[in-house]
Amino acid sequence: MNRLFDIIHEDDELLVVNKPSDLVCHPTKGDEFSSLISRVRLHLGASGQAHLVNRLDRETSGVTVVAKNAAVAGELGRLWEARAVEKEYLAIVHGHVRDEHGLIDAPLGKDESSRVAIKDCVRPDGTPAQTKFHVEHRLGTPTANPAYSLLRVHPQTGRKHQIRIHLAHVGHSIVGDKLYGGDEDLYLALVEGRLTDEQRARLILPNQALHACAVRFNWRGVQVKFGCEPEKWFADFLASNQVATAPDTFPSR
């Protein structure tokens with residue numbers, strides 16, 4: 001059998017996995033390995049129940065929580081809805097982010113000028129959204145081209161594509177982001193099956209460099225944390241760009 005995913009934690013009620021990049025959460029075709037939920041069902045077996053508590057974009061890797069019954073799914077869902085869950089991401093972005101830390105406070109809504117139906121944008125009449133960030137490392141010199149920054153990101157709200165839009169809005173789009181990196185035709189080329197080698201080279205990385213590295217919440221009176229490190233291609237990119245911290249020892253907070 002193909003490898004399904006890395007398991008972070010499992011007990012009678014919860015399954016926490018590190019979702020691979022380039023994998024959708026819900027099926028779009030019949031292949032039993034083509035979505036996270038179908039892989040979870042393979043893991044749990046015919047008698048198991050699977051309820052995804054949180055979801056990640058297709059190209060975003062990282063911590064995904066699965067409830068093994070509807071009651072637990074409802075209990076966890078209420079924690080997410082109440083914003084009682086601290087979510088932490090690592091993102092590699094273009095350029096050197098000037099401030100050591102900050103809060104991006106910008107409302108989000110549908111991008112009506114885009115050719116991509118799912119694309120959102122910052123707009124004054126949108127839904128409130130806030131994202132905190134902290135610079136972990138700056139890669140290369142300030143005048144280097146290319147230059148990058150590794151950010152630790154804490155979304156304060158849970159809007160669609162929030163981190164990706166907010167970072168692009170402040171001039172530091174995520175490396176490999178096909179939709180919010182400045183040329184949405186890269187995304188259209190991907191979904192239409194016409195992405196060229198030249199376009200892939202412009203993207204630098206095969207997937208957007210966004211990883212859900214941890215979630216923290218109070219689970220029945222106990223503070224829990226589930227975390228995982230990024231995939232090898234993410235770590236290799238940092239190592240090749242002279243990040244001071246070794247790729248197998250990402251800084252923790």
# chains A, B, ... in the order shown; residues from 1 in each chain; ligands from 1
call {"tool": "closest_atom_pairs", "arguments": {"of": "region 55-125 of chain A", "to": "region 158-177 of chain A", "cutoff": "12 Å", "atoms": "only C-alpha atoms", "output": "tab-separated table"}}
result
residue	atom	partner	partner_atom	distance
A:Arg55	CA	A:Lys160	CA	10.2
A:Leu56	CA	A:His161	CA	9.2
A:Asp57	CA	A:His161	CA	7.7
A:Arg58	CA	A:His161	CA	11.0
A:Glu59	CA	A:Asp177	CA	8.8
A:Thr60	CA	A:Asp177	CA	10.0
A:Trp80	CA	A:Gly158	CA	9.0
A:Glu81	CA	A:Gly158	CA	9.1
A:Ala82	CA	A:Gly158	CA	10.9
A:Arg83	CA	A:Gly158	CA	8.5
A:Ala84	CA	A:Gly158	CA	11.7
A:Val85	CA	A:Gly158	CA	10.5
A:Glu86	CA	A:Gly158	CA	10.8
A:Lys87	CA	A:Gly158	CA	9.5
A:Glu88	CA	A:Ile163	CA	10.8
A:Tyr89	CA	A:Ile163	CA	9.1
A:Leu90	CA	A:Ile174	CA	10.3
A:Ala91	CA	A:Ile174	CA	6.6
A:Ile92	CA	A:Ile174	CA	5.8
A:Val93	CA	A:Ile174	CA	4.2
A:His94	CA	A:His172	CA	5.2
A:Gly95	CA	A:His172	CA	6.2
A:His96	CA	A:His172	CA	8.1
A:Val97	CA	A:His172	CA	7.2
A:Arg98	CA	A:His172	CA	10.3
A:Asp99	CA	A:Val170	CA	11.4
A:Gly102	CA	A:Val170	CA	11.0
A:Leu103	CA	A:His166	CA	9.9
A:Ile104	CA	A:His166	CA	6.6
A:Asp105	CA	A:His166	CA	8.3
A:Ala106	CA	A:His166	CA	7.3
A:Pro107	CA	A:His166	CA	9.3
A:Leu108	CA	A:Arg159	CA	7.6
A:Gly109	CA	A:Lys160	CA	9.1
A:Lys110	CA	A:Lys160	CA	10.1
A:Asp111	CA	A:Ile165	CA	10.9
A:Ile118	CA	A:Lys160	CA	9.2
A:Lys119	CA	A:His161	CA	8.3
A:Asp120	CA	A:His161	CA	7.5
A:Cys121	CA	A:Ile165	CA	6.4
A:Val122	CA	A:Ile165	CA	7.3
A:Arg123	CA	A:His169	CA	10.7
call {"tool": "select_by_dssp", "arguments": {"residues": "region 149-222 of chain A", "states": "helix (DSSP H, G or I)", "output": "PyMOL selection string"}}
result
chain A and resi 162-169+185-191+197-203
call {"tool": "write_last_selection", "arguments": {"atoms": "C-alpha atoms", "output": "PDB file, in the first residue's frame"}}
result
ATOM      1  CA  GLN A 162      -5.996  34.468   4.700  1.00  0.00           C
ATOM      2  CA  ILE A 163      -2.260  34.049   5.283  1.00  0.00           C
ATOM      3  CA  ARG A 164      -1.483  33.943   1.576  1.00  0.00           C
ATOM      4  CA  ILE A 165      -3.507  37.075   0.808  1.00  0.00           C
ATOM      5  CA  HIS A 166      -2.247  39.063   3.787  1.00  0.00           C
ATOM      6  CA  LEU A 167       1.429  38.347   3.113  1.00  0.00           C
ATOM      7  CA  ALA A 168       1.023  39.219  -0.570  1.00  0.00           C
ATOM      8  CA  HIS A 169      -0.848  42.380   0.454  1.00  0.00           C
ATOM      9  CA  ASP A 185      -2.167  32.696 -14.892  1.00  0.00           C
ATOM     10  CA  LEU A 186       0.272  30.370 -13.136  1.00  0.00           C
ATOM     11  CA  TYR A 187      -2.681  28.950 -11.210  1.00  0.00           C
ATOM     12  CA  LEU A 188      -4.838  28.726 -14.335  1.00  0.00           C
ATOM     13  CA  ALA A 189      -1.989  27.016 -16.189  1.00  0.00           C
ATOM     14  CA  LEU A 190      -1.744  24.453 -13.389  1.00  0.00           C
ATOM     15  CA  VAL A 191      -5.441  23.560 -13.318  1.00  0.00           C
ATOM     16  CA  ASP A 197       9.015  24.451 -17.473  1.00  0.00           C
ATOM     17  CA  GLU A 198       9.656  28.203 -17.626  1.00  0.00           C
ATOM     18  CA  GLN A 199       6.647  28.866 -15.384  1.00  0.00           C
ATOM     19  CA  ARG A 200       7.755  26.161 -12.951  1.00  0.00           C
ATOM     20  CA  ALA A 201      11.169  27.787 -12.764  1.00  0.00           C
ATOM     21  CA  ARG A 202       9.546  31.151 -11.967  1.00  0.00           C
ATOM     22  CA  LEU A 203       7.653  29.536  -9.093  1.00  0.00           C
TER      23      LEU A 203
END
call {"tool": "residues_around", "arguments": {"residues": "Thr64 (chain A)", "least_positions_apart": "6", "cutoff": "10 Å", "atoms": "only C-alpha atoms", "output": "ChimeraX atom specification"}}
result
/A:7-8,15-19,25,36,52-56,212-215,226-227
call {"tool": "write_last_selection", "arguments": {"atoms": "N, CA and C atoms", "output": "short mmCIF file (atom, residue, chain, number, x, y, z; two decimals), in the first residue's frame"}}
result
data_model
loop_
_atom_site.label_atom_id
_atom_site.label_comp_id
_atom_site.auth_asym_id
_atom_site.auth_seq_id
_atom_site.Cartn_x
_atom_site.Cartn_y
_atom_site.Cartn_z
N ILE A 7 1.61 10.15 10.97
CA ILE A 7 0.71 10.29 12.11
C ILE A 7 1.43 11.02 13.23
N ILE A 8 0.83 12.10 13.70
CA ILE A 8 1.38 12.89 14.81
C ILE A 8 0.86 12.35 16.15
N LEU A 15 -7.37 11.55 15.61
CA LEU A 15 -6.25 11.22 14.73
C LEU A 15 -5.70 12.56 14.25
N VAL A 16 -4.42 12.81 14.49
CA VAL A 16 -3.78 14.05 14.05
C VAL A 16 -2.66 13.67 13.09
N VAL A 17 -2.71 14.22 11.89
CA VAL A 17 -1.75 13.84 10.84
C VAL A 17 -1.05 15.06 10.29
N ASN A 18 0.07 14.81 9.64
CA ASN A 18 0.79 15.83 8.88
C ASN A 18 0.35 15.68 7.43
N LYS A 19 -0.58 16.53 7.00
CA LYS A 19 -1.07 16.43 5.62
C LYS A 19 0.06 16.73 4.64
N CYS A 25 -8.00 18.07 0.65
CA CYS A 25 -8.62 17.47 1.84
C CYS A 25 -9.80 16.60 1.48
N LEU A 36 -7.10 13.64 1.34
CA LEU A 36 -6.75 13.30 2.72
C LEU A 36 -7.86 12.47 3.37
N LEU A 52 -13.06 15.62 9.35
CA LEU A 52 -11.98 16.60 9.36
C LEU A 52 -12.41 17.81 10.17
N VAL A 53 -11.63 18.15 11.19
CA VAL A 53 -11.97 19.28 12.05
C VAL A 53 -11.44 20.58 11.45
N ASN A 54 -10.25 20.54 10.89
CA ASN A 54 -9.70 21.70 10.18
C ASN A 54 -9.25 21.26 8.80
N ARG A 55 -9.15 22.21 7.89
CA ARG A 55 -8.77 21.91 6.51
C ARG A 55 -7.65 22.84 6.08
N LEU A 56 -6.79 22.33 5.21
CA LEU A 56 -5.70 23.11 4.65
C LEU A 56 -5.84 23.15 3.14
N ALA A 212 1.56 24.28 8.13
CA ALA A 212 0.86 24.38 9.42
C ALA A 212 1.64 23.57 10.43
N CYS A 213 2.49 24.24 11.23
CA CYS A 213 3.44 23.51 12.06
C CYS A 213 2.90 23.14 13.43
N ALA A 214 1.83 23.78 13.90
CA ALA A 214 1.33 23.44 15.24
C ALA A 214 -0.08 23.97 15.47
N VAL A 215 -0.82 23.26 16.31
CA VAL A 215 -2.07 23.77 16.88
C VAL A 215 -2.01 23.53 18.38
N PHE A 226 -0.14 19.86 19.18
CA PHE A 226 0.23 18.90 18.14
C PHE A 226 1.06 19.64 17.10
N GLY A 227 2.23 19.12 16.80
CA GLY A 227 3.10 19.81 15.87
C GLY A 227 3.86 18.86 14.97
#
call {"tool": "select_by_dssp", "arguments": {"residues": "region 35-153 of chain A", "states": "strand (DSSP E)", "output": "count of residues only"}}
result
45
call {"tool": "closest_residue", "arguments": {"among": "A:Leu42, A:Val224, A:Leu76, A:Ala209", "to": "Arg152 (chain A)", "atoms": "only C-alpha atoms"}}
result
A:Ala209
call {"tool": "residues_around", "arguments": {"residues": "Phe237 (chain A)", "least_positions_apart": "4", "cutoff": "12 Å", "atoms": "only C-alpha atoms", "output": "MDAnalysis selection string"}}
result
chainID A and resid 91:93 139 148:150 175:176 204:207 209 230:233 241:243 246:247
call {"tool": "atom_distance", "arguments": {"atom1": "CA of Gly48 (chain A)", "atom2": "CA of Ala67 (chain A)"}}
result
10.4 Å
call {"tool": "atom_distance", "arguments": {"atom1": "CA of Arg138 (chain A)", "atom2": "CA of Leu151 (chain A)"}}
result
8.8 Å
call {"tool": "closest_residue", "arguments": {"among": "A:Ala147, A:Ser114, A:His154, A:Ser240", "to": "Thr131 (chain A)", "atoms": "only C-alpha atoms"}}
result
A:His154
call {"tool": "closest_residue", "arguments": {"among": "A:Gln49, A:Ser35, A:Asp22, A:Val66", "to": "Glu10 (chain A)", "atoms": "only C-alpha atoms"}}
result
A:Val66
call {"tool": "residues_around", "arguments": {"residues": "Arg39 (chain A)", "least_positions_apart": "5", "cutoff": "10 Å", "atoms": "only C-alpha atoms", "output": "ChimeraX atom specification"}}
result
/A:2-5,25,27,31-34,44-45
call {"tool": "decode", "arguments": {"residues": "region 113-247 of chain A", "atoms": "C-alpha atoms", "output": "compact mmCIF listing (two decimals), in the first residue's frame"}}
result
# COMPACT_ATOMS: atom_id res chain seq x y z
CA SER A 113 -11.71 41.36 -11.02
CA SER A 114 -10.07 37.93 -11.08
CA ARG A 115 -10.56 35.21 -13.66
CA VAL A 116 -10.26 32.66 -10.84
CA ALA A 117 -13.59 32.01 -9.13
CA ILE A 118 -12.06 31.03 -5.77
CA LYS A 119 -9.73 34.02 -5.48
CA ASP A 120 -10.25 36.55 -2.68
CA CYS A 121 -8.53 39.85 -1.95
CA VAL A 122 -8.21 42.67 0.56
CA ARG A 123 -11.23 44.96 0.21
CA PRO A 124 -12.69 47.58 2.57
CA ASP A 125 -16.15 45.97 2.62
CA GLY A 126 -14.77 42.50 3.33
CA THR A 127 -14.88 40.31 6.42
CA PRO A 128 -12.45 41.32 9.21
CA ALA A 129 -9.20 39.31 9.21
CA GLN A 130 -6.01 39.58 11.25
CA THR A 131 -2.68 37.79 10.92
CA LYS A 132 0.29 38.08 13.30
CA PHE A 133 3.81 37.31 12.08
CA HIS A 134 7.34 37.08 13.48
CA VAL A 135 10.54 36.95 11.42
CA GLU A 136 12.54 33.81 12.23
CA HIS A 137 15.29 34.30 9.63
CA ARG A 138 16.20 36.55 6.72
CA LEU A 139 17.95 34.69 3.93
CA GLY A 140 20.76 36.39 2.07
CA THR A 141 21.68 40.10 2.21
CA PRO A 142 19.09 42.91 2.05
CA THR A 143 20.14 43.73 -1.53
CA ALA A 144 20.31 40.10 -2.66
CA ASN A 145 18.17 39.05 -5.57
CA PRO A 146 16.52 36.79 -4.77
CA ALA A 147 16.12 37.36 -1.03
CA TYR A 148 13.69 35.57 1.25
CA SER A 149 12.37 35.54 4.82
CA LEU A 150 11.19 32.68 7.00
CA LEU A 151 8.16 33.79 9.02
CA ARG A 152 6.30 32.24 11.92
CA VAL A 153 2.66 33.15 11.42
CA HIS A 154 -0.33 33.10 13.78
CA PRO A 155 -3.69 33.77 12.08
CA GLN A 156 -6.11 35.40 14.50
CA THR A 157 -9.09 34.66 12.27
CA GLY A 158 -9.74 31.80 9.86
CA ARG A 159 -10.66 33.29 6.51
CA LYS A 160 -10.12 31.49 3.22
CA HIS A 161 -6.53 31.90 1.93
CA GLN A 162 -6.00 34.47 4.70
CA ILE A 163 -2.26 34.05 5.28
CA ARG A 164 -1.48 33.94 1.58
CA ILE A 165 -3.51 37.07 0.81
CA HIS A 166 -2.25 39.06 3.79
CA LEU A 167 1.43 38.35 3.11
CA ALA A 168 1.02 39.22 -0.57
CA HIS A 169 -0.85 42.38 0.45
CA VAL A 170 2.17 43.66 2.40
CA GLY A 171 4.51 42.90 -0.49
CA HIS A 172 5.87 39.52 0.62
CA SER A 173 4.03 36.78 -1.22
CA ILE A 174 4.73 33.16 -0.33
CA VAL A 175 7.33 31.44 -2.49
CA GLY A 176 5.61 29.09 -4.92
CA ASP A 177 2.13 30.60 -4.52
CA LYS A 178 0.51 30.27 -7.93
CA LEU A 179 -2.61 32.29 -7.13
CA TYR A 180 -1.40 35.20 -4.99
CA GLY A 181 2.18 35.48 -6.18
CA GLY A 182 1.46 38.22 -8.72
CA ASP A 183 0.50 36.22 -11.83
CA GLU A 184 -2.72 34.26 -11.46
CA ASP A 185 -2.17 32.70 -14.89
CA LEU A 186 0.27 30.37 -13.14
CA TYR A 187 -2.68 28.95 -11.21
CA LEU A 188 -4.84 28.73 -14.34
CA ALA A 189 -1.99 27.02 -16.19
CA LEU A 190 -1.74 24.45 -13.39
CA VAL A 191 -5.44 23.56 -13.32
CA GLU A 192 -5.61 23.54 -17.13
CA GLY A 193 -2.59 21.27 -17.41
CA ARG A 194 -0.41 23.70 -19.38
CA LEU A 195 2.19 24.78 -16.83
CA THR A 196 5.49 25.10 -18.70
CA ASP A 197 9.02 24.45 -17.47
CA GLU A 198 9.66 28.20 -17.63
CA GLN A 199 6.65 28.87 -15.38
CA ARG A 200 7.75 26.16 -12.95
CA ALA A 201 11.17 27.79 -12.76
CA ARG A 202 9.55 31.15 -11.97
CA LEU A 203 7.65 29.54 -9.09
CA ILE A 204 10.99 28.28 -7.65
CA LEU A 205 9.30 25.60 -5.51
CA PRO A 206 6.84 22.88 -6.57
CA ASN A 207 4.31 23.90 -3.89
CA GLN A 208 3.62 27.06 -1.93
CA ALA A 209 6.00 27.29 1.03
CA LEU A 210 3.34 27.33 3.75
CA HIS A 211 3.31 24.73 6.52
CA ALA A 212 0.86 24.38 9.42
CA CYS A 213 3.44 23.51 12.06
CA ALA A 214 1.33 23.44 15.24
CA VAL A 215 -2.07 23.77 16.88
CA ARG A 216 -2.65 24.34 20.60
CA PHE A 217 -5.93 24.16 22.52
CA ASN A 218 -7.48 23.11 25.80
CA TRP A 219 -8.88 19.62 25.38
CA ARG A 220 -11.12 18.63 28.29
CA GLY A 221 -9.10 20.53 30.83
CA VAL A 222 -5.66 19.67 29.45
CA GLN A 223 -3.60 22.04 27.29
CA VAL A 224 -2.43 20.07 24.27
CA LYS A 225 -0.10 20.84 21.38
CA PHE A 226 0.23 18.90 18.14
CA GLY A 227 3.10 19.81 15.87
CA CYS A 228 5.21 18.61 12.95
CA GLU A 229 8.14 19.81 10.87
CA PRO A 230 7.92 20.82 7.19
CA GLU A 231 8.58 18.46 4.32
CA LYS A 232 12.06 17.84 2.96
CA TRP A 233 11.76 20.22 0.00
CA PHE A 234 10.88 23.06 2.41
CA ALA A 235 13.82 22.29 4.68
CA ASP A 236 16.20 21.79 1.76
CA PHE A 237 15.29 25.21 0.36
CA LEU A 238 16.12 26.86 3.67
CA ALA A 239 19.39 24.95 3.94
CA SER A 240 20.41 25.87 0.39
CA ASN A 241 19.76 29.54 1.11
CA GLN A 242 22.05 29.63 4.12
CA VAL A 243 19.57 29.65 6.97
CA ALA A 244 21.44 29.66 10.27
CA THR A 245 19.14 27.05 11.85
CA ALA A 246 19.60 23.49 10.62
CA PRO A 247 16.53 22.16 8.73
